[in-house]
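Here the structure is laid out as structure tokens; the discussion comes afterwards.
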Amino acid sequence: MKSTVALLLLVLAQSTTAFTTFQQQRVGGSVWSTGPSDSRLFANIIIAGAPASGKGTQCEVIKSELGVVHLSTGDMLRAAVAAETEVGKKAKDFMDSGKLVPDEVIIGIVKDRLGESDCKENGWLLDGFPRTEAQAKALEDVGVSADCFLFLDVPDSVLVERVVGRRTDPVTGKIYHMTFSPPEDEEVLNRLEQRSDDTEEKVKVRLEQFHANVDAVKDSYTDIMVSVDGNRAPSEVTSEIIETINKMTSE
């Protein structure tokens with residue numbers, strides 16, 4: 001009888017310990033936990049960066065390191081339409097008529113997606129959205145808030161160089177750079193193609209539009225915004241990003 005009671009007490013103690021450490025995760029040498037009463041992971045993140053800032057690379061690393069759900073508006077829009085949700089049907093009506101999907105519908109799609117169980121349990125990484133001050137305000141109005149807003153800061157001259165030098169292999173789809181990562185095979189080199197909008201003139205126009213919008217967006221997140229120097233090796237940028245998220249979510 002005594003041995004049975006002792007066994008039951010041991011099982012209860014182990015269960016209590018497991019529950020208390022529910023959803024802990026070790027990142028960058030620190031243990032982050034949401035605690036037993038909160039099923040949401042430690043970090044909800046918004047990341048912004050100009051074309052060729054390295055945002056795509058960093059998103060993949062953040063997703064891998066932290067286990068957050070990586071979300072882009074394009075992916076969410078397509079998923080909502082395919083699932084025939086209420087807002088997905090509204091979006092499809094605009095798309096079928098050749099019109100741009102209005103912000104109010106996009107916001108509805110984003111809110112619905114962030115409310116799904118995987119985002120609540122693992123946290124989320126909102127990639128390149130909001131893009132305008134109006135979208136940032138609309139997210140706030142529907143109760144969507146982030147723990148940190150990361151901005152990858154890269155000089156325009158560097159961005160132009162990165163974009164103008166890009167080439168794509170039409171056979172494999174692999175992207176090369178004529179300065180930083182040219183192909184070693186001459187046959188591959190001779191068949192590389194440049195995107196029509198990867199010219200210096202066009203990328204400068206895109207950058208002007210980006211800066212006009214992102215400056216207003218940053219003003220909406222001054223209390224949680226961190227500017228990260230993106231003009232470095234990707235691994236160095238990653239280290240600062242992980243350290244930043246660690247610091248901001250532990251405050």
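Chains: A, B, ... in order of the structure tokens. Residues: from 1 per chain. Ligands: from 1, in order shown.
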Would you pick out the contacts of stretch 148-163 of chain A at 10 Å or less, using only C-alpha atoms, so that residues sharing its chain but fewer than 3 positions from it are not included, and give the list as a PDB file with N, CA and C atoms, in the first residue's frame?
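Written file, result_0.pdb:
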```
ATOM      1  N   ALA A  43       6.903  34.746 -28.831  1.00  0.00           N
ATOM      2  CA  ALA A  43       7.172  35.839 -29.767  1.00  0.00           C
ATOM      3  C   ALA A  43       6.181  35.932 -30.924  1.00  0.00           C
ATOM      4  N   ASN A  44       5.550  37.094 -31.040  1.00  0.00           N
ATOM      5  CA  ASN A  44       4.793  37.474 -32.231  1.00  0.00           C
ATOM      6  C   ASN A  44       5.573  38.600 -32.890  1.00  0.00           C
ATOM      7  N   ILE A  45       6.000  38.396 -34.128  1.00  0.00           N
ATOM      8  CA  ILE A  45       6.998  39.268 -34.743  1.00  0.00           C
ATOM      9  C   ILE A  45       6.494  39.809 -36.077  1.00  0.00           C
ATOM     10  N   ILE A  46       6.793  41.081 -36.317  1.00  0.00           N
ATOM     11  CA  ILE A  46       6.607  41.673 -37.644  1.00  0.00           C
ATOM     12  C   ILE A  46       7.995  42.016 -38.174  1.00  0.00           C
ATOM     13  N   ILE A  47       8.269  41.652 -39.422  1.00  0.00           N
ATOM     14  CA  ILE A  47       9.570  41.968 -40.007  1.00  0.00           C
ATOM     15  C   ILE A  47       9.363  42.721 -41.315  1.00  0.00           C
ATOM     16  N   ALA A  48      10.166  43.757 -41.514  1.00  0.00           N
ATOM     17  CA  ALA A  48      10.078  44.577 -42.725  1.00  0.00           C
ATOM     18  C   ALA A  48      11.470  44.779 -43.288  1.00  0.00           C
ATOM     19  N   GLY A  49      11.535  44.901 -44.595  1.00  0.00           N
ATOM     20  CA  GLY A  49      12.816  45.136 -45.252  1.00  0.00           C
ATOM     21  C   GLY A  49      12.582  45.374 -46.730  1.00  0.00           C
ATOM     22  N   ALA A  50      13.426  46.189 -47.319  1.00  0.00           N
ATOM     23  CA  ALA A  50      13.302  46.520 -48.736  1.00  0.00           C
ATOM     24  C   ALA A  50      13.625  45.307 -49.605  1.00  0.00           C
ATOM     25  N   PRO A  51      13.296  45.376 -50.889  1.00  0.00           N
ATOM     26  CA  PRO A  51      13.710  44.307 -51.805  1.00  0.00           C
ATOM     27  C   PRO A  51      15.221  44.096 -51.729  1.00  0.00           C
ATOM     28  N   ALA A  52      15.652  42.832 -51.626  1.00  0.00           N
ATOM     29  CA  ALA A  52      17.067  42.461 -51.552  1.00  0.00           C
ATOM     30  C   ALA A  52      17.714  42.792 -50.218  1.00  0.00           C
ATOM     31  N   SER A  53      16.910  43.044 -49.194  1.00  0.00           N
ATOM     32  CA  SER A  53      17.464  43.335 -47.866  1.00  0.00           C
ATOM     33  C   SER A  53      17.881  42.064 -47.135  1.00  0.00           C
ATOM     34  N   GLY A  54      17.502  40.900 -47.665  1.00  0.00           N
ATOM     35  CA  GLY A  54      17.805  39.640 -47.000  1.00  0.00           C
ATOM     36  C   GLY A  54      16.685  39.167 -46.096  1.00  0.00           C
ATOM     37  N   LYS A  55      15.521  39.788 -46.239  1.00  0.00           N
ATOM     38  CA  LYS A  55      14.386  39.464 -45.364  1.00  0.00           C
ATOM     39  C   LYS A  55      13.948  38.006 -45.510  1.00  0.00           C
ATOM     40  N   GLN A  58      16.323  35.715 -43.607  1.00  0.00           N
ATOM     41  CA  GLN A  58      16.162  35.833 -42.158  1.00  0.00           C
ATOM     42  C   GLN A  58      14.850  35.225 -41.682  1.00  0.00           C
ATOM     43  N   LEU A 125       5.231  35.013 -37.314  1.00  0.00           N
ATOM     44  CA  LEU A 125       6.160  35.939 -37.953  1.00  0.00           C
ATOM     45  C   LEU A 125       5.456  36.516 -39.169  1.00  0.00           C
ATOM     46  N   LEU A 126       5.045  37.774 -39.064  1.00  0.00           N
ATOM     47  CA  LEU A 126       4.313  38.437 -40.140  1.00  0.00           C
ATOM     48  C   LEU A 126       5.329  39.091 -41.072  1.00  0.00           C
ATOM     49  N   GLY A 128       6.526  41.263 -44.000  1.00  0.00           N
ATOM     50  CA  GLY A 128       6.258  42.354 -44.934  1.00  0.00           C
ATOM     51  C   GLY A 128       4.871  42.944 -44.846  1.00  0.00           C
ATOM     52  N   SER A 145      -1.539  42.621 -32.159  1.00  0.00           N
ATOM     53  CA  SER A 145      -0.347  43.323 -31.682  1.00  0.00           C
ATOM     54  C   SER A 145       0.842  42.385 -31.713  1.00  0.00           C
ATOM     55  N   ARG A 166      21.521  40.410 -59.851  1.00  0.00           N
ATOM     56  CA  ARG A 166      20.851  39.107 -59.774  1.00  0.00           C
ATOM     57  C   ARG A 166      20.594  38.527 -61.157  1.00  0.00           C
ATOM     58  N   ARG A 167      20.783  37.223 -61.266  1.00  0.00           N
ATOM     59  CA  ARG A 167      20.480  36.499 -62.491  1.00  0.00           C
ATOM     60  C   ARG A 167      19.839  35.162 -62.116  1.00  0.00           C
ATOM     61  N   HIS A 177      24.356  35.732 -58.373  1.00  0.00           N
ATOM     62  CA  HIS A 177      24.684  37.148 -58.397  1.00  0.00           C
ATOM     63  C   HIS A 177      26.011  37.304 -59.119  1.00  0.00           C
ATOM     64  N   MET A 178      26.052  38.216 -60.057  1.00  0.00           N
ATOM     65  CA  MET A 178      27.220  38.346 -60.912  1.00  0.00           C
ATOM     66  C   MET A 178      28.462  38.791 -60.152  1.00  0.00           C
ATOM     67  N   THR A 179      28.287  39.430 -58.999  1.00  0.00           N
ATOM     68  CA  THR A 179      29.428  39.867 -58.193  1.00  0.00           C
ATOM     69  C   THR A 179      29.686  38.944 -57.010  1.00  0.00           C
ATOM     70  N   PHE A 180      28.641  38.620 -56.269  1.00  0.00           N
ATOM     71  CA  PHE A 180      28.797  37.888 -55.014  1.00  0.00           C
ATOM     72  C   PHE A 180      28.782  36.373 -55.155  1.00  0.00           C
ATOM     73  N   GLN A 194      18.137  37.947 -66.668  1.00  0.00           N
ATOM     74  CA  GLN A 194      17.854  39.004 -65.704  1.00  0.00           C
ATOM     75  C   GLN A 194      16.374  39.347 -65.759  1.00  0.00           C
ATOM     76  N   ARG A 195      15.752  39.469 -64.591  1.00  0.00           N
ATOM     77  CA  ARG A 195      14.351  39.875 -64.553  1.00  0.00           C
ATOM     78  C   ARG A 195      14.199  41.269 -65.128  1.00  0.00           C
ATOM     79  N   ASP A 197      12.416  43.681 -64.244  1.00  0.00           N
ATOM     80  CA  ASP A 197      12.316  44.768 -63.263  1.00  0.00           C
ATOM     81  C   ASP A 197      13.537  44.849 -62.355  1.00  0.00           C
ATOM     82  N   ASP A 198      14.593  44.118 -62.698  1.00  0.00           N
ATOM     83  CA  ASP A 198      15.817  44.176 -61.906  1.00  0.00           C
ATOM     84  C   ASP A 198      16.838  45.140 -62.505  1.00  0.00           C
ATOM     85  N   THR A 199      16.363  46.187 -63.117  1.00  0.00           N
ATOM     86  CA  THR A 199      17.259  47.224 -63.626  1.00  0.00           C
ATOM     87  C   THR A 199      17.413  48.313 -62.574  1.00  0.00           C
ATOM     88  N   GLU A 200      18.481  49.094 -62.692  1.00  0.00           N
ATOM     89  CA  GLU A 200      18.739  50.140 -61.700  1.00  0.00           C
ATOM     90  C   GLU A 200      17.606  51.156 -61.649  1.00  0.00           C
ATOM     91  N   GLU A 201      17.102  51.535 -62.811  1.00  0.00           N
ATOM     92  CA  GLU A 201      16.027  52.526 -62.866  1.00  0.00           C
ATOM     93  C   GLU A 201      14.775  52.038 -62.150  1.00  0.00           C
ATOM     94  N   LYS A 202      14.397  50.805 -62.420  1.00  0.00           N
ATOM     95  CA  LYS A 202      13.161  50.283 -61.836  1.00  0.00           C
ATOM     96  C   LYS A 202      13.300  49.980 -60.347  1.00  0.00           C
ATOM     97  N   VAL A 203      14.464  49.500 -59.933  1.00  0.00           N
ATOM     98  CA  VAL A 203      14.622  49.192 -58.517  1.00  0.00           C
ATOM     99  C   VAL A 203      14.630  50.464 -57.685  1.00  0.00           C
ATOM    100  N   LYS A 204      15.146  51.563 -58.231  1.00  0.00           N
ATOM    101  CA  LYS A 204      15.124  52.828 -57.504  1.00  0.00           C
ATOM    102  C   LYS A 204      13.698  53.325 -57.297  1.00  0.00           C
ATOM    103  N   LEU A 207      12.240  51.247 -54.534  1.00  0.00           N
ATOM    104  CA  LEU A 207      12.777  51.652 -53.236  1.00  0.00           C
ATOM    105  C   LEU A 207      12.138  52.945 -52.747  1.00  0.00           C
ATOM    106  N   GLU A 208      11.889  53.874 -53.646  1.00  0.00           N
ATOM    107  CA  GLU A 208      11.209  55.120 -53.271  1.00  0.00           C
ATOM    108  C   GLU A 208       9.829  54.829 -52.702  1.00  0.00           C
ATOM    109  N   VAL A 214       7.121  52.548 -45.623  1.00  0.00           N
ATOM    110  CA  VAL A 214       7.658  51.922 -44.416  1.00  0.00           C
ATOM    111  C   VAL A 214       7.959  52.943 -43.324  1.00  0.00           C
ATOM    112  N   VAL A 217       4.871  53.243 -41.424  1.00  0.00           N
ATOM    113  CA  VAL A 217       4.616  52.017 -40.667  1.00  0.00           C
ATOM    114  C   VAL A 217       5.491  51.979 -39.417  1.00  0.00           C
ATOM    115  N   LYS A 218       6.755  52.346 -39.565  1.00  0.00           N
ATOM    116  CA  LYS A 218       7.668  52.348 -38.416  1.00  0.00           C
ATOM    117  C   LYS A 218       7.183  53.290 -37.326  1.00  0.00           C
ATOM    118  N   SER A 220       4.284  53.677 -36.454  1.00  0.00           N
ATOM    119  CA  SER A 220       3.192  53.011 -35.739  1.00  0.00           C
ATOM    120  C   SER A 220       3.713  52.009 -34.708  1.00  0.00           C
ATOM    121  N   TYR A 221       5.008  51.695 -34.782  1.00  0.00           N
ATOM    122  CA  TYR A 221       5.569  50.664 -33.899  1.00  0.00           C
ATOM    123  C   TYR A 221       6.833  51.157 -33.176  1.00  0.00           C
ATOM    124  N   THR A 222       6.878  52.442 -32.885  1.00  0.00           N
ATOM    125  CA  THR A 222       8.086  53.014 -32.281  1.00  0.00           C
ATOM    126  C   THR A 222       8.456  52.358 -30.954  1.00  0.00           C
ATOM    127  N   ASP A 223       7.460  51.907 -30.207  1.00  0.00           N
ATOM    128  CA  ASP A 223       7.740  51.332 -28.890  1.00  0.00           C
ATOM    129  C   ASP A 223       8.306  49.922 -28.962  1.00  0.00           C
ATOM    130  N   ILE A 224       8.142  49.239 -30.084  1.00  0.00           N
ATOM    131  CA  ILE A 224       8.647  47.865 -30.195  1.00  0.00           C
ATOM    132  C   ILE A 224       9.573  47.686 -31.399  1.00  0.00           C
ATOM    133  N   MET A 225       9.925  48.785 -32.081  1.00  0.00           N
ATOM    134  CA  MET A 225      10.734  48.671 -33.287  1.00  0.00           C
ATOM    135  C   MET A 225      12.218  48.614 -32.986  1.00  0.00           C
ATOM    136  N   VAL A 226      12.897  47.716 -33.685  1.00  0.00           N
ATOM    137  CA  VAL A 226      14.353  47.619 -33.604  1.00  0.00           C
ATOM    138  C   VAL A 226      14.897  47.593 -35.021  1.00  0.00           C
ATOM    139  N   SER A 227      15.819  48.487 -35.315  1.00  0.00           N
ATOM    140  CA  SER A 227      16.464  48.528 -36.623  1.00  0.00           C
ATOM    141  C   SER A 227      17.721  47.672 -36.576  1.00  0.00           C
ATOM    142  N   VAL A 228      17.805  46.718 -37.493  1.00  0.00           N
ATOM    143  CA  VAL A 228      18.934  45.788 -37.536  1.00  0.00           C
ATOM    144  C   VAL A 228      19.764  46.075 -38.786  1.00  0.00           C
ATOM    145  N   ASP A 229      21.066  46.213 -38.602  1.00  0.00           N
ATOM    146  CA  ASP A 229      21.971  46.467 -39.725  1.00  0.00           C
ATOM    147  C   ASP A 229      22.018  45.223 -40.616  1.00  0.00           C
ATOM    148  N   GLY A 230      21.406  45.324 -41.806  1.00  0.00           N
ATOM    149  CA  GLY A 230      21.361  44.184 -42.720  1.00  0.00           C
ATOM    150  C   GLY A 230      22.496  44.152 -43.711  1.00  0.00           C
ATOM    151  N   ASN A 231      23.426  45.102 -43.583  1.00  0.00           N
ATOM    152  CA  ASN A 231      24.553  45.174 -44.510  1.00  0.00           C
ATOM    153  C   ASN A 231      25.751  44.420 -43.948  1.00  0.00           C
ATOM    154  N   ARG A 232      25.501  43.179 -43.550  1.00  0.00           N
ATOM    155  CA  ARG A 232      26.533  42.321 -42.979  1.00  0.00           C
ATOM    156  C   ARG A 232      26.309  40.894 -43.450  1.00  0.00           C
ATOM    157  N   VAL A 237      23.682  39.012 -39.018  1.00  0.00           N
ATOM    158  CA  VAL A 237      22.346  39.602 -38.929  1.00  0.00           C
ATOM    159  C   VAL A 237      21.440  38.699 -38.092  1.00  0.00           C
ATOM    160  N   ILE A 241      19.341  39.476 -34.603  1.00  0.00           N
ATOM    161  CA  ILE A 241      17.887  39.319 -34.582  1.00  0.00           C
ATOM    162  C   ILE A 241      17.451  38.425 -33.424  1.00  0.00           C
ATOM    163  N   THR A 244      17.897  40.199 -30.209  1.00  0.00           N
ATOM    164  CA  THR A 244      16.892  41.242 -30.057  1.00  0.00           C
ATOM    165  C   THR A 244      15.558  40.665 -29.603  1.00  0.00           C
ATOM    166  N   ILE A 245      15.139  39.583 -30.251  1.00  0.00           N
ATOM    167  CA  ILE A 245      13.862  38.955 -29.879  1.00  0.00           C
ATOM    168  C   ILE A 245      13.938  38.443 -28.446  1.00  0.00           C
ATOM    169  N   MET A 248      13.646  41.511 -26.092  1.00  0.00           N
ATOM    170  CA  MET A 248      12.344  42.184 -26.073  1.00  0.00           C
ATOM    171  C   MET A 248      11.247  41.336 -25.482  1.00  0.00           C
ATOM    172  N   THR A 249      11.342  40.025 -25.639  1.00  0.00           N
ATOM    173  CA  THR A 249      10.297  39.156 -25.085  1.00  0.00           C
ATOM    174  C   THR A 249      10.533  38.811 -23.630  1.00  0.00           C
TER     175      THR A 249
END
```
*as number ranges by chain, please: all residues of stretch 181-231 of chain A that backbone DSSP puts in strand (DSSP E or B).*
A: 181, 193, 225-229
_A:Val144 surroundings by only C-alpha atoms, 9 Å radius, close-in-sequence under 6 positions cut, as a list in words_ = Lys111, Leu114 and Ala138 of chain A
Can those selected residues be exported to a file as a compact mmCIF listing (two decimals), in the first residue's frame so that it contains N, CA, C and O atoms?
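Just written: selection_25.txt:
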```
# COMPACT_ATOMS: atom_id res chain seq x y z
N LYS A 111 -6.34 38.61 -39.59
CA LYS A 111 -6.87 38.39 -38.25
C LYS A 111 -7.32 36.94 -38.08
O LYS A 111 -7.03 36.30 -37.05
N LEU A 114 -4.21 34.61 -37.85
CA LEU A 114 -3.48 34.73 -36.59
C LEU A 114 -4.27 34.13 -35.42
O LEU A 114 -3.70 33.84 -34.37
N ALA A 138 -5.27 49.58 -38.97
CA ALA A 138 -6.36 48.60 -39.05
C ALA A 138 -6.04 47.35 -38.24
O ALA A 138 -6.93 46.79 -37.59
```
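The interatomic distance for the pair atom CA of A:Gly108 and atom CA of A:Gly88 works out to 9.0 Å.
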*asked:* I need the residues in stretch 43-125 of chain A that are alpha helix (DSSP H) according to DSSP; give them as JSON, numbers by chain.
replied: {"A": [55, 56, 57, 58, 59, 60, 61, 62, 63, 64, 65, 66, 73, 74, 75, 76, 77, 78, 79, 80, 81, 82, 83, 86, 87, 88, 89, 90, 91, 92, 93, 94, 95, 96, 103, 104, 105, 106, 107, 108, 109, 110, 111, 112, 113, 114, 117, 118, 119, 120, 121, 122]}
*Shortest interatomic distance to A:Lys63 - which of A:Ile175, A:Thr238, A:Glu184, A:Lys137, counting only C-alpha atoms*: A:Thr238
*Nearest to A:Ile106 among A:Cys119, A:Ala136, A:Ala146, A:Leu66, with distances taken over only C-alpha atoms: which residue is it?*
A:Ala136
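Counting only C-alpha atoms and comparing A:Leu100, A:Ala91, A:Ala212, A:Cys59, the residue that lies closest to A:Met76 is A:Ala91.
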*asked:* Rounded to one decimal, what separation in Å do you get between atom CA of A:Asp141 and atom CA of A:Ser117?
replied: 21.4 Å
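Among A:Glu65, A:Glu60, A:Asp96, A:Asp147, the residue with the shortest atom-to-atom distance to A:Ser250, counting only C-alpha atoms, is A:Asp147.
Using only C-alpha atoms, the smallest distance between any of A:Asn190, A:Ser235, A:Thr132, A:Ser196 and A:His211 comes from A:Thr132.
With only C-alpha atoms as the atoms that count, the minimum distance from A:Gly173 to the choices A:Glu243, A:Asp127, A:Glu186, A:Glu193 is reached by A:Glu193.
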*A:Lys90: which residues within 9 Å, counting only C-alpha atoms, same-chain residues fewer than 3 positions away excluded, as a PyMOL selection string?*
chain A and resi 81+85-87+93-95+101+105
Those residues you just picked out, can you put them in a file as a compact mmCIF listing (two decimals), in the first residue's frame with N, CA and C atoms?
```txt
# COMPACT_ATOMS: atom_id res chain seq x y z
N VAL A 81 -8.86 31.85 -49.83
CA VAL A 81 -9.68 31.64 -51.02
C VAL A 81 -9.92 30.15 -51.24
N THR A 85 -13.34 30.55 -46.96
CA THR A 85 -13.80 31.22 -45.75
C THR A 85 -14.61 32.45 -46.16
N GLU A 86 -15.27 33.07 -45.19
CA GLU A 86 -16.10 34.23 -45.51
C GLU A 86 -15.28 35.35 -46.15
N VAL A 87 -14.14 35.66 -45.53
CA VAL A 87 -13.31 36.72 -46.11
C VAL A 87 -12.62 36.23 -47.38
N ASP A 93 -14.03 37.44 -54.98
CA ASP A 93 -14.90 38.29 -55.80
C ASP A 93 -14.11 39.44 -56.40
N PHE A 94 -13.26 40.07 -55.58
CA PHE A 94 -12.43 41.17 -56.09
C PHE A 94 -11.42 40.67 -57.10
N MET A 95 -10.79 39.54 -56.80
CA MET A 95 -9.77 38.99 -57.68
C MET A 95 -10.35 38.57 -59.02
N VAL A 101 -7.57 43.59 -53.93
CA VAL A 101 -8.28 43.23 -52.70
C VAL A 101 -8.09 44.36 -51.70
N VAL A 105 -10.49 43.69 -46.33
CA VAL A 105 -10.58 42.24 -46.56
C VAL A 105 -9.26 41.57 -46.18
```
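Here atom CA of A:Arg131 is placed at a distance of 6.3 Å from atom CA of A:Asn213.
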